[in-house]
file start25.txt (compact mmCIF, C-alpha atoms)
# COMPACT_ATOMS: atom_id res chain seq x y z
CA MET X 1 -20.16 -9.41 4.57
CA SER X 2 -21.13 -12.90 3.42
CA ALA X 3 -18.93 -14.78 0.96
CA PRO X 4 -19.51 -13.17 -2.44
CA THR X 5 -20.03 -14.93 -5.76
CA THR X 6 -18.82 -13.66 -9.12
CA GLY X 7 -21.31 -11.26 -10.69
CA ARG X 8 -23.04 -10.52 -7.40
CA LEU X 9 -23.91 -6.90 -6.65
CA ILE X 10 -22.93 -6.11 -3.07
CA VAL X 11 -25.10 -3.62 -1.21
CA ALA X 12 -22.75 -0.87 -0.06
CA SER X 13 -22.35 2.89 -0.50
CA PRO X 14 -21.82 2.88 -3.43
CA PRO X 15 -22.71 -0.70 -4.47
CA GLU X 16 -19.91 -2.98 -5.69
CA LEU X 17 -19.86 -5.74 -8.29
CA VAL X 18 -17.78 -8.85 -7.57
CA ILE X 19 -15.95 -9.50 -10.83
CA HIS X 20 -13.56 -12.26 -9.71
CA ASP X 21 -13.69 -14.75 -6.85
CA ALA X 22 -11.62 -17.90 -7.02
CA LEU X 23 -9.07 -19.88 -5.05
CA THR X 24 -5.52 -19.28 -6.30
CA PRO X 25 -1.98 -20.08 -5.17
CA CYS X 26 -0.91 -17.56 -2.54
CA PRO X 27 1.33 -14.85 -4.06
CA TYR X 28 3.14 -14.38 -0.74
CA LEU X 29 3.53 -17.76 0.97
CA GLU X 30 4.46 -20.88 -0.98
CA GLY X 31 2.14 -23.82 -0.68
CA ARG X 32 -0.84 -21.87 0.64
CA THR X 33 -4.15 -21.09 -1.01
CA ALA X 34 -5.44 -17.54 -1.35
CA ARG X 35 -8.86 -16.04 -1.98
CA LEU X 36 -9.09 -12.33 -2.76
CA PRO X 37 -12.50 -11.44 -4.21
CA LEU X 38 -12.13 -8.41 -6.52
CA ARG X 39 -14.91 -5.83 -6.27
CA LEU X 40 -15.63 -2.97 -8.64
CA PRO X 41 -17.47 0.04 -7.16
CA VAL X 42 -20.17 1.30 -9.51
CA ARG X 43 -18.70 4.79 -9.28
CA ALA X 44 -15.69 6.56 -7.82
CA LEU X 45 -15.57 6.61 -4.01
CA ALA X 46 -15.79 9.81 -1.99
CA ARG X 47 -13.19 10.19 0.75
CA THR X 48 -15.68 9.27 3.47
CA GLU X 49 -16.74 6.16 1.55
CA PHE X 50 -13.16 5.05 1.06
CA GLU X 51 -12.56 5.63 4.79
CA THR X 52 -15.07 2.91 5.65
CA ARG X 53 -13.32 0.48 3.29
CA LEU X 54 -9.91 1.10 4.81
CA ASP X 55 -11.27 0.67 8.34
CA VAL X 56 -12.41 -2.90 7.61
CA GLY X 57 -9.16 -3.88 5.88
CA ASP X 58 -9.82 -3.20 2.21
CA ARG X 59 -7.03 -2.53 -0.24
CA ARG X 60 -7.17 -1.05 -3.73
CA GLN X 61 -5.60 -2.24 -6.98
CA GLY X 62 -6.42 -0.19 -10.05
CA LEU X 63 -10.17 0.33 -10.18
CA LEU X 64 -10.82 -2.63 -7.86
CA LEU X 65 -11.08 -3.24 -4.12
CA TYR X 66 -10.17 -6.46 -2.34
CA ARG X 67 -9.94 -7.99 1.10
CA THR X 68 -8.40 -11.35 1.95
CA ALA X 69 -10.88 -14.18 2.50
CA CYS X 70 -8.50 -17.15 2.44
CA PRO X 71 -10.00 -20.50 3.50
CA ASP X 72 -7.29 -21.79 5.83
CA CYS X 73 -4.89 -18.91 6.53
CA VAL X 74 -4.95 -15.58 8.38
CA ALA X 75 -1.30 -14.63 7.83
CA CYS X 76 -2.22 -11.32 6.11
CA GLU X 77 -2.86 -8.62 8.71
CA PRO X 78 -3.94 -5.11 7.66
CA ILE X 79 -1.59 -2.61 9.28
CA ARG X 80 -1.77 1.15 9.90
CA VAL X 81 0.26 3.79 11.71
CA ASP X 82 -1.34 6.29 14.09
CA VAL X 83 0.73 9.29 13.05
CA ASP X 84 0.22 11.07 16.38
CA GLN X 85 1.73 8.11 18.24
CA PHE X 86 4.47 7.09 15.79
CA LEU X 87 8.04 7.43 17.07
CA PRO X 88 10.75 6.90 14.42
CA GLY X 89 13.81 4.92 15.34
CA ARG X 90 17.33 6.28 15.00
CA THR X 91 17.90 4.74 11.55
CA GLN X 92 14.53 6.01 10.34
CA ARG X 93 15.36 9.54 11.50
CA ARG X 94 18.67 9.37 9.64
CA VAL X 95 16.99 8.12 6.44
CA PHE X 96 14.40 10.88 6.60
CA ARG X 97 16.98 13.63 7.14
CA ARG X 98 19.08 12.40 4.23
CA GLY X 99 16.05 12.09 1.98
CA GLU X 100 14.93 15.61 2.79
CA LEU X 101 18.40 16.87 1.82
CA GLU X 102 18.99 14.82 -1.34
CA LEU X 103 15.55 14.16 -2.81
CA LYS X 104 13.08 16.59 -4.32
CA THR X 105 9.47 15.50 -3.79
CA GLU X 106 6.72 16.36 -6.26
CA ILE X 107 3.02 15.75 -5.58
CA GLY X 108 0.82 15.26 -8.62
CA ARG X 109 -2.04 13.34 -10.17
CA LEU X 110 -1.68 9.87 -11.67
CA GLU X 111 0.21 10.28 -14.94
CA PRO X 112 1.47 7.04 -16.52
CA SER X 113 4.58 7.60 -18.64
CA LEU X 114 7.44 5.65 -20.16
CA GLU X 115 9.80 7.24 -17.62
CA LYS X 116 7.78 5.62 -14.82
CA VAL X 117 7.41 2.31 -16.66
CA ASN X 118 11.19 2.09 -17.10
CA LEU X 119 11.81 2.87 -13.42
CA TYR X 120 9.20 0.31 -12.37
CA ASN X 121 10.89 -2.40 -14.45
CA ARG X 122 14.36 -1.50 -13.14
CA HIS X 123 13.01 -1.80 -9.61
CA LYS X 124 11.33 -5.17 -10.19
CA PHE X 125 14.20 -6.81 -12.06
CA GLY X 126 17.01 -5.02 -10.20
CA ARG X 127 15.73 -6.19 -6.82
CA GLY X 128 14.80 -9.70 -7.95
CA LEU X 129 11.08 -9.14 -7.41
CA ASN X 130 9.95 -10.48 -10.77
CA THR X 131 8.56 -14.02 -10.68
CA GLY X 132 9.17 -14.96 -14.28
CA ASP X 133 7.06 -12.07 -15.54
CA GLN X 134 7.91 -10.08 -18.61
CA PRO X 135 8.67 -6.36 -18.18
CA ILE X 136 5.49 -4.32 -17.89
CA ASP X 137 4.52 -2.02 -20.77
CA LEU X 138 2.72 1.31 -20.67
CA GLU X 139 -0.77 -0.19 -20.91
CA GLY X 140 -0.02 -2.74 -18.22
CA TYR X 141 1.36 -0.01 -15.99
CA ARG X 142 -1.72 2.14 -16.61
CA ALA X 143 -4.06 -0.68 -15.55
CA PHE X 144 -1.99 -1.50 -12.45
CA LEU X 145 -0.92 1.92 -11.17
CA GLY X 146 -2.47 4.55 -13.44
CA GLU X 147 -6.16 4.10 -12.62
CA SER X 148 -8.10 4.45 -9.38
CA CYS X 149 -11.59 4.34 -7.90
CA CYS X 150 -10.80 6.90 -5.19
CA ASP X 151 -8.77 10.06 -4.55
CA THR X 152 -5.22 9.09 -5.53
CA PHE X 153 -1.98 10.96 -6.16
CA GLU X 154 1.69 10.35 -6.89
CA LEU X 155 4.74 11.24 -4.84
CA ARG X 156 7.65 11.57 -7.27
CA TYR X 157 11.17 11.55 -5.87
CA ARG X 158 13.88 13.15 -8.00
CA ILE X 159 17.58 13.90 -7.87
CA GLY X 160 17.85 16.92 -10.11
CA ARG X 161 15.55 16.06 -13.03
CA ARG X 162 16.11 12.31 -12.71
CA LEU X 163 13.16 10.28 -11.40
CA VAL X 164 14.54 7.88 -8.77
CA GLY X 165 11.39 6.85 -6.93
CA LEU X 166 7.62 7.02 -7.06
CA ALA X 167 4.85 6.24 -4.58
CA ILE X 168 1.16 5.79 -5.35
CA VAL X 169 -0.96 7.06 -2.45
CA ASP X 170 -4.71 6.99 -1.79
CA ARG X 171 -6.47 9.54 0.39
CA SER X 172 -9.57 9.12 2.53
CA GLU X 173 -11.28 11.50 4.94
CA ARG X 174 -8.84 10.85 7.81
CA ALA X 175 -6.00 8.86 6.29
CA LEU X 176 -3.49 8.22 3.56
CA SER X 177 -3.00 4.71 2.23
CA ALA X 178 0.34 3.63 0.78
CA VAL X 179 -0.52 1.63 -2.35
CA TYR X 180 2.81 0.96 -4.06
CA CYS X 181 6.33 2.32 -4.11
CA PHE X 182 9.18 1.62 -6.53
CA PHE X 183 12.61 3.15 -6.87
CA ASP X 184 16.00 2.98 -8.53
CA PRO X 185 17.76 -0.14 -7.15
CA SER X 186 21.17 1.47 -7.76
CA LEU X 187 20.58 3.85 -4.82
CA PRO X 188 20.19 1.55 -1.78
CA GLN X 189 22.04 4.04 0.43
CA LEU X 190 19.09 6.44 0.24
CA GLY X 191 16.55 3.94 1.60
CA ILE X 192 13.88 5.42 -0.66
CA GLY X 193 11.28 2.84 0.37
CA THR X 194 11.67 3.75 4.04
CA TYR X 195 11.88 7.44 3.24
CA SER X 196 8.64 7.27 1.27
CA ILE X 197 6.70 5.86 4.24
CA LEU X 198 8.19 8.50 6.55
CA LYS X 199 7.32 11.20 4.00
CA GLN X 200 3.72 10.00 3.93
CA ILE X 201 3.57 10.08 7.73
CA ASP X 202 4.90 13.63 7.56
CA LEU X 203 2.21 14.57 5.03
CA CYS X 204 -0.48 13.07 7.28
CA ARG X 205 0.69 15.34 10.08
CA GLN X 206 0.81 18.40 7.83
CA TRP X 207 -2.69 17.72 6.48
CA GLY X 208 -4.25 16.84 9.84
CA LEU X 209 -4.84 13.16 9.02
CA ARG X 210 -4.88 10.42 11.67
CA TRP X 211 -3.65 7.28 9.92
CA LEU X 212 -1.23 5.97 7.35
CA TYR X 213 -2.34 2.56 6.09
CA LEU X 214 0.55 0.34 5.00
CA GLY X 215 -1.43 -2.48 3.41
CA LEU X 216 -0.84 -6.03 4.62
CA PHE X 217 1.74 -7.22 7.15
CA ILE X 218 2.86 -10.82 6.66
CA ALA X 219 5.39 -11.95 9.26
CA GLU X 220 6.56 -14.94 7.19
CA CYS X 221 7.11 -12.90 4.00
CA SER X 222 10.31 -10.85 4.01
CA SER X 223 9.04 -8.42 1.37
CA MET X 224 6.07 -7.53 3.61
CA ALA X 225 7.51 -7.96 7.11
CA TYR X 226 9.46 -4.65 7.00
CA LYS X 227 6.23 -2.82 7.82
CA SER X 228 6.49 -3.98 11.44
CA ARG X 229 9.46 -1.62 11.93
CA PHE X 230 7.16 1.43 11.98
CA LEU X 231 6.17 1.58 15.63
CA PRO X 232 3.86 1.83 17.35
CA HIS X 233 1.36 0.59 14.80
CA GLU X 234 -2.00 -1.16 14.72
CA ARG X 235 -3.01 -4.42 13.07
CA LEU X 236 -6.51 -5.62 12.28
CA LEU X 237 -6.73 -8.89 14.25
CA GLY X 238 -9.96 -10.78 14.69
CA GLY X 239 -11.99 -7.85 13.43
CA ARG X 240 -10.50 -5.16 15.68
CA TRP X 241 -7.51 -2.87 15.49
CA VAL X 242 -4.86 -3.85 18.04
CA THR X 243 -1.89 -1.66 19.03
CA ILE X 244 1.63 -3.10 18.72
CA ARG X 245 4.23 -1.12 20.68
CA ARG X 246 8.02 -1.20 20.41
CA ASP X 247 8.63 -3.03 23.67
CA ASP X 248 5.52 -5.18 23.70
CA ALA X 249 5.91 -8.92 23.32
CA THR X 250 2.18 -9.25 22.60
CA PRO X 251 -0.46 -6.99 21.03
CA GLU X 252 -2.03 -4.40 23.30
CA PRO X 253 -5.79 -3.71 22.98
call {"tool": "encode", "arguments": {"input": "start25.txt", "output": "structure tokens"}}
result
Amino acid sequence: MSAPTTGRLIVASPPELVIHDALTPCPYLEGRTARLPLRLPVRALARTEFETRLDVGDRRQGLLLYRTACPDCVACEPIRVDVDQFLPGRTQRRVFRRGELELKTEIGRLEPSLEKVNLYNRHKFGRGLNTGDQPIDLEGYRAFLGESCCDTFELRYRIGRRLVGLAIVDRSERALSAVYCFFDPSLPQLGIGTYSILKQIDLCRQWGLRWLYLGLFIAECSSMAYKSRFLPHERLLGGRWVTIRRDDATPEP
């Protein structure tokens, strides 16, 4: 795809309108410049249509799709797990067993609520992830996590009736895509973030899906580098998916 300009209609299935395309400070790496053109599909995507977007490295935020097109940096690497090949480590197995015992998982449609807004804010401020932002309100939450242009659902994690974690997950024809996860920062012993990824891998296996997309891996960003612990996995490097295995020092084609 050639470099888009704002207002341009991109020929795709379905077509997409570029609504924002500008250079901005990188949100992940200080001192670098980012470019993430935001594209609005003209209608909701079918699972097969969303599959093609994931395969070329697209991500979704709200109703919009984006893919990095930074001028001088390729630090962001789309990453996915082949669920048939994935082998959890000892700590991951322990986290999953404990989560299965202590957490109740609900699967449901996107339903913004004050309960979720409050948990989201506790997560952001309790883990020091806010960058001077004000707490999000219900409308802000709805725009960020309560709308979608594809098949999307929530995984709600509860202890009793108390909501302690929530994951937003997209579904394509052959994959799930982990969009966002937030959880109660007072429960670090449960490893809810890790458990949520393992739960999504488990759902892929149950539903006969091949991949779990984890978004972007950024080795120099601690909040994104954890994704490399799910092995083996694949990263989109130079336009092709390359396998990274546990004992490999370099990517394996």
call {"tool": "atom_distance", "arguments": {"input": "start25.txt", "atom1": "CA of Lys116 (chain X)", "atom2": "CA of Tyr180 (chain X)"}}
result
12.7 Å
call {"tool": "residues_around", "arguments": {"input": "start25.txt", "residues": "Cys181 (chain X)", "least_positions_apart": "4", "cutoff": "7 Å", "atoms": "only C-alpha atoms", "output": "PDB file with C-alpha atoms, keeping the file's coordinate frame"}}
result
ATOM      1  CA  LEU X 166       7.620   7.020  -7.060  1.00  0.00           C
ATOM      2  CA  ALA X 167       4.850   6.240  -4.580  1.00  0.00           C
ATOM      3  CA  ILE X 168       1.160   5.790  -5.350  1.00  0.00           C
ATOM      4  CA  GLY X 193      11.280   2.840   0.370  1.00  0.00           C
TER       5      GLY X 193
END
call {"tool": "closest_residue", "arguments": {"input": "start25.txt", "among": "X:Arg240, X:Arg8, X:His233, X:Arg156", "to": "Asp55 (chain X)", "atoms": "all atoms listed in the file"}}
result
X:Arg240
call {"tool": "residues_around", "arguments": {"input": "start25.txt", "residues": "Ser113 (chain X)", "least_positions_apart": "4", "cutoff": "9 Å", "atoms": "only C-alpha atoms", "output": "VMD selection string"}}
result
chain X and resid 117 to 118 138 141 to 142
call {"tool": "atom_distance", "arguments": {"input": "start25.txt", "atom1": "CA of Leu114 (chain X)", "atom2": "CA of Leu155 (chain X)"}}
result
16.5 Å
call {"tool": "residues_around", "arguments": {"input": "start25.txt", "residues": "region 216-228 of chain X", "least_positions_apart": "4", "cutoff": "6 Å", "atoms": "only C-alpha atoms", "output": "list in words"}}
result
Ala75, Cys76, Glu77, Pro78 and Ile79 of chain X
call {"tool": "write_last_selection", "arguments": {"input": "start25.txt", "atoms": "C-alpha atoms", "output": "compact mmCIF listing (two decimals), in the frame of the given file"}}
result
# COMPACT_ATOMS: atom_id res chain seq x y z
CA ALA X 75 -1.30 -14.63 7.83
CA CYS X 76 -2.22 -11.32 6.11
CA GLU X 77 -2.86 -8.62 8.71
CA PRO X 78 -3.94 -5.11 7.66
CA ILE X 79 -1.59 -2.61 9.28
call {"tool": "residues_around", "arguments": {"input": "start25.txt", "residues": "Ser148 (chain X)", "least_positions_apart": "5", "cutoff": "12 Å", "atoms": "only C-alpha atoms", "output": "ChimeraX atom specification"}}
result
/X:40-41,43-46,50,59-65,109-111,142-143,153-154,168-171,179
call {"tool": "decode", "arguments": {"input": "start25.txt", "residues": "region 103-249 of chain X", "atoms": "C-alpha atoms", "output": "tab-separated table (two decimals), in the first residue's frame"}}
result
chain	number	residue	atom	x	y	z
X	103	LEU	CA	-10.96	-16.72	38.54
X	104	LYS	CA	-14.34	-17.08	36.91
X	105	THR	CA	-14.28	-16.17	33.21
X	106	GLU	CA	-17.30	-14.71	31.44
X	107	ILE	CA	-17.48	-14.23	27.67
X	108	GLY	CA	-19.79	-11.49	26.44
X	109	ARG	CA	-20.30	-8.66	24.00
X	110	LEU	CA	-18.80	-5.20	24.43
X	111	GLU	CA	-20.71	-3.51	27.25
X	112	PRO	CA	-19.15	-0.28	28.58
X	113	SER	CA	-20.05	0.34	32.21
X	114	LEU	CA	-18.90	2.38	35.18
X	115	GLU	CA	-17.63	-0.83	36.82
X	116	LYS	CA	-15.23	-1.31	33.90
X	117	VAL	CA	-14.27	2.36	33.75
X	118	ASN	CA	-13.33	2.30	37.44
X	119	LEU	CA	-11.25	-0.87	37.00
X	120	TYR	CA	-9.53	0.61	33.94
X	121	ASN	CA	-8.55	3.74	35.89
X	122	ARG	CA	-7.32	1.71	38.88
X	123	HIS	CA	-5.15	-0.31	36.50
X	124	LYS	CA	-3.69	2.74	34.73
X	125	PHE	CA	-2.97	4.79	37.85
X	126	GLY	CA	-2.17	1.85	40.14
X	127	ARG	CA	0.51	0.54	37.79
X	128	GLY	CA	1.92	3.95	36.88
X	129	LEU	CA	0.83	3.69	33.25
X	130	ASN	CA	-0.79	7.12	33.05
X	131	THR	CA	1.32	9.78	31.33
X	132	GLY	CA	-0.25	12.83	32.89
X	133	ASP	CA	-3.68	11.93	31.58
X	134	GLN	CA	-6.86	12.49	33.51
X	135	PRO	CA	-8.93	9.43	34.49
X	136	ILE	CA	-11.06	8.21	31.60
X	137	ASP	CA	-14.83	8.69	31.79
X	138	LEU	CA	-17.58	6.48	30.40
X	139	GLU	CA	-17.71	8.20	27.01
X	140	GLY	CA	-13.95	8.07	26.64
X	141	TYR	CA	-13.96	4.40	27.57
X	142	ARG	CA	-16.74	3.72	25.06
X	143	ALA	CA	-14.76	5.33	22.23
X	144	PHE	CA	-11.55	3.51	23.18
X	145	LEU	CA	-12.76	0.04	24.16
X	146	GLY	CA	-16.52	-0.07	23.65
X	147	GLU	CA	-16.73	0.20	19.85
X	148	SER	CA	-15.37	-2.01	17.08
X	149	CYS	CA	-15.32	-2.46	13.31
X	150	CYS	CA	-15.07	-6.25	13.52
X	151	ASP	CA	-16.25	-9.24	15.58
X	152	THR	CA	-15.20	-8.36	19.14
X	153	PHE	CA	-15.99	-9.71	22.60
X	154	GLU	CA	-14.99	-9.29	26.23
X	155	LEU	CA	-13.38	-11.75	28.60
X	156	ARG	CA	-14.38	-10.72	32.12
X	157	TYR	CA	-12.44	-12.16	35.04
X	158	ARG	CA	-14.17	-12.22	38.42
X	159	ILE	CA	-13.55	-13.35	41.96
X	160	GLY	CA	-17.05	-14.01	43.21
X	161	ARG	CA	-19.04	-11.08	41.81
X	162	ARG	CA	-16.08	-8.69	41.85
X	163	LEU	CA	-14.65	-7.73	38.45
X	164	VAL	CA	-10.85	-8.01	38.73
X	165	GLY	CA	-9.82	-8.10	35.07
X	166	LEU	CA	-11.10	-7.61	31.55
X	167	ALA	CA	-9.71	-8.37	28.10
X	168	ILE	CA	-10.97	-7.01	24.79
X	169	VAL	CA	-10.54	-9.61	22.04
X	170	ASP	CA	-11.12	-9.50	18.28
X	171	ARG	CA	-11.95	-12.57	16.22
X	172	SER	CA	-11.13	-13.31	12.60
X	173	GLU	CA	-11.67	-16.43	10.50
X	174	ARG	CA	-8.62	-18.26	11.88
X	175	ALA	CA	-7.44	-16.19	14.82
X	176	LEU	CA	-8.08	-14.21	17.95
X	177	SER	CA	-6.40	-10.86	18.45
X	178	ALA	CA	-5.65	-9.56	21.94
X	179	VAL	CA	-6.59	-5.87	21.86
X	180	TYR	CA	-6.31	-4.67	25.46
X	181	CYS	CA	-6.27	-6.10	28.96
X	182	PHE	CA	-6.58	-4.33	32.31
X	183	PHE	CA	-6.87	-5.67	35.83
X	184	ASP	CA	-6.88	-4.88	39.52
X	185	PRO	CA	-3.31	-3.84	40.45
X	186	SER	CA	-3.85	-5.04	44.03
X	187	LEU	CA	-3.72	-8.68	42.83
X	188	PRO	CA	-0.22	-9.06	41.32
X	189	GLN	CA	0.06	-12.61	42.66
X	190	LEU	CA	-2.58	-13.79	40.17
X	191	GLY	CA	-0.67	-12.58	37.10
X	192	ILE	CA	-3.96	-11.72	35.40
X	193	GLY	CA	-2.25	-10.23	32.35
X	194	THR	CA	-0.32	-13.45	31.72
X	195	TYR	CA	-3.35	-15.56	32.54
X	196	SER	CA	-5.46	-13.64	30.04
X	197	ILE	CA	-3.08	-14.40	27.17
X	198	LEU	CA	-2.94	-18.08	28.16
X	199	LYS	CA	-6.75	-18.14	28.38
X	200	GLN	CA	-7.00	-16.73	24.87
X	201	ILE	CA	-4.58	-19.38	23.59
X	202	ASP	CA	-6.77	-21.98	25.27
X	203	LEU	CA	-9.86	-20.55	23.59
X	204	CYS	CA	-8.11	-20.65	20.20
X	205	ARG	CA	-7.49	-24.35	20.70
X	206	GLN	CA	-11.06	-25.01	21.81
X	207	TRP	CA	-12.49	-23.11	18.83
X	208	GLY	CA	-10.10	-24.57	16.25
X	209	LEU	CA	-8.26	-21.30	15.55
X	210	ARG	CA	-4.62	-21.15	14.43
X	211	TRP	CA	-3.26	-17.87	15.79
X	212	LEU	CA	-3.37	-15.51	18.73
X	213	TYR	CA	-2.16	-12.06	17.69
X	214	LEU	CA	-0.52	-10.12	20.53
X	215	GLY	CA	-0.19	-6.75	18.84
X	216	LEU	CA	3.24	-5.12	18.66
X	217	PHE	CA	6.48	-6.37	20.22
X	218	ILE	CA	8.96	-3.61	21.05
X	219	ALA	CA	12.19	-4.93	22.55
X	220	GLU	CA	13.22	-1.54	23.97
X	221	CYS	CA	9.85	-0.89	25.66
X	222	SER	CA	9.36	-2.81	28.90
X	223	SER	CA	5.57	-2.55	28.75
X	224	MET	CA	5.58	-4.31	25.36
X	225	ALA	CA	8.62	-6.61	25.62
X	226	TYR	CA	6.82	-9.17	27.85
X	227	LYS	CA	5.17	-10.59	24.74
X	228	SER	CA	8.44	-12.28	23.77
X	229	ARG	CA	7.98	-14.71	26.69
X	230	PHE	CA	5.25	-16.61	24.81
X	231	LEU	CA	7.28	-19.08	22.78
X	232	PRO	CA	7.59	-20.12	20.11
X	233	HIS	CA	6.04	-17.14	18.38
X	234	GLU	CA	6.23	-15.37	15.04
X	235	ARG	CA	7.11	-11.76	14.23
X	236	LEU	CA	6.41	-9.88	11.02
X	237	LEU	CA	9.91	-8.86	9.88
X	238	GLY	CA	10.58	-7.37	6.48
X	239	GLY	CA	7.14	-8.32	5.25
X	240	ARG	CA	7.19	-11.99	6.27
X	241	TRP	CA	6.34	-13.91	9.40
X	242	VAL	CA	9.47	-15.33	11.04
X	243	THR	CA	9.47	-17.97	13.79
X	244	ILE	CA	11.27	-17.23	17.07
X	245	ARG	CA	11.94	-20.34	19.15
X	246	ARG	CA	12.90	-20.62	22.81
X	247	ASP	CA	16.50	-21.64	22.22
X	248	ASP	CA	17.12	-19.69	19.04
X	249	ALA	CA	19.57	-16.81	19.13
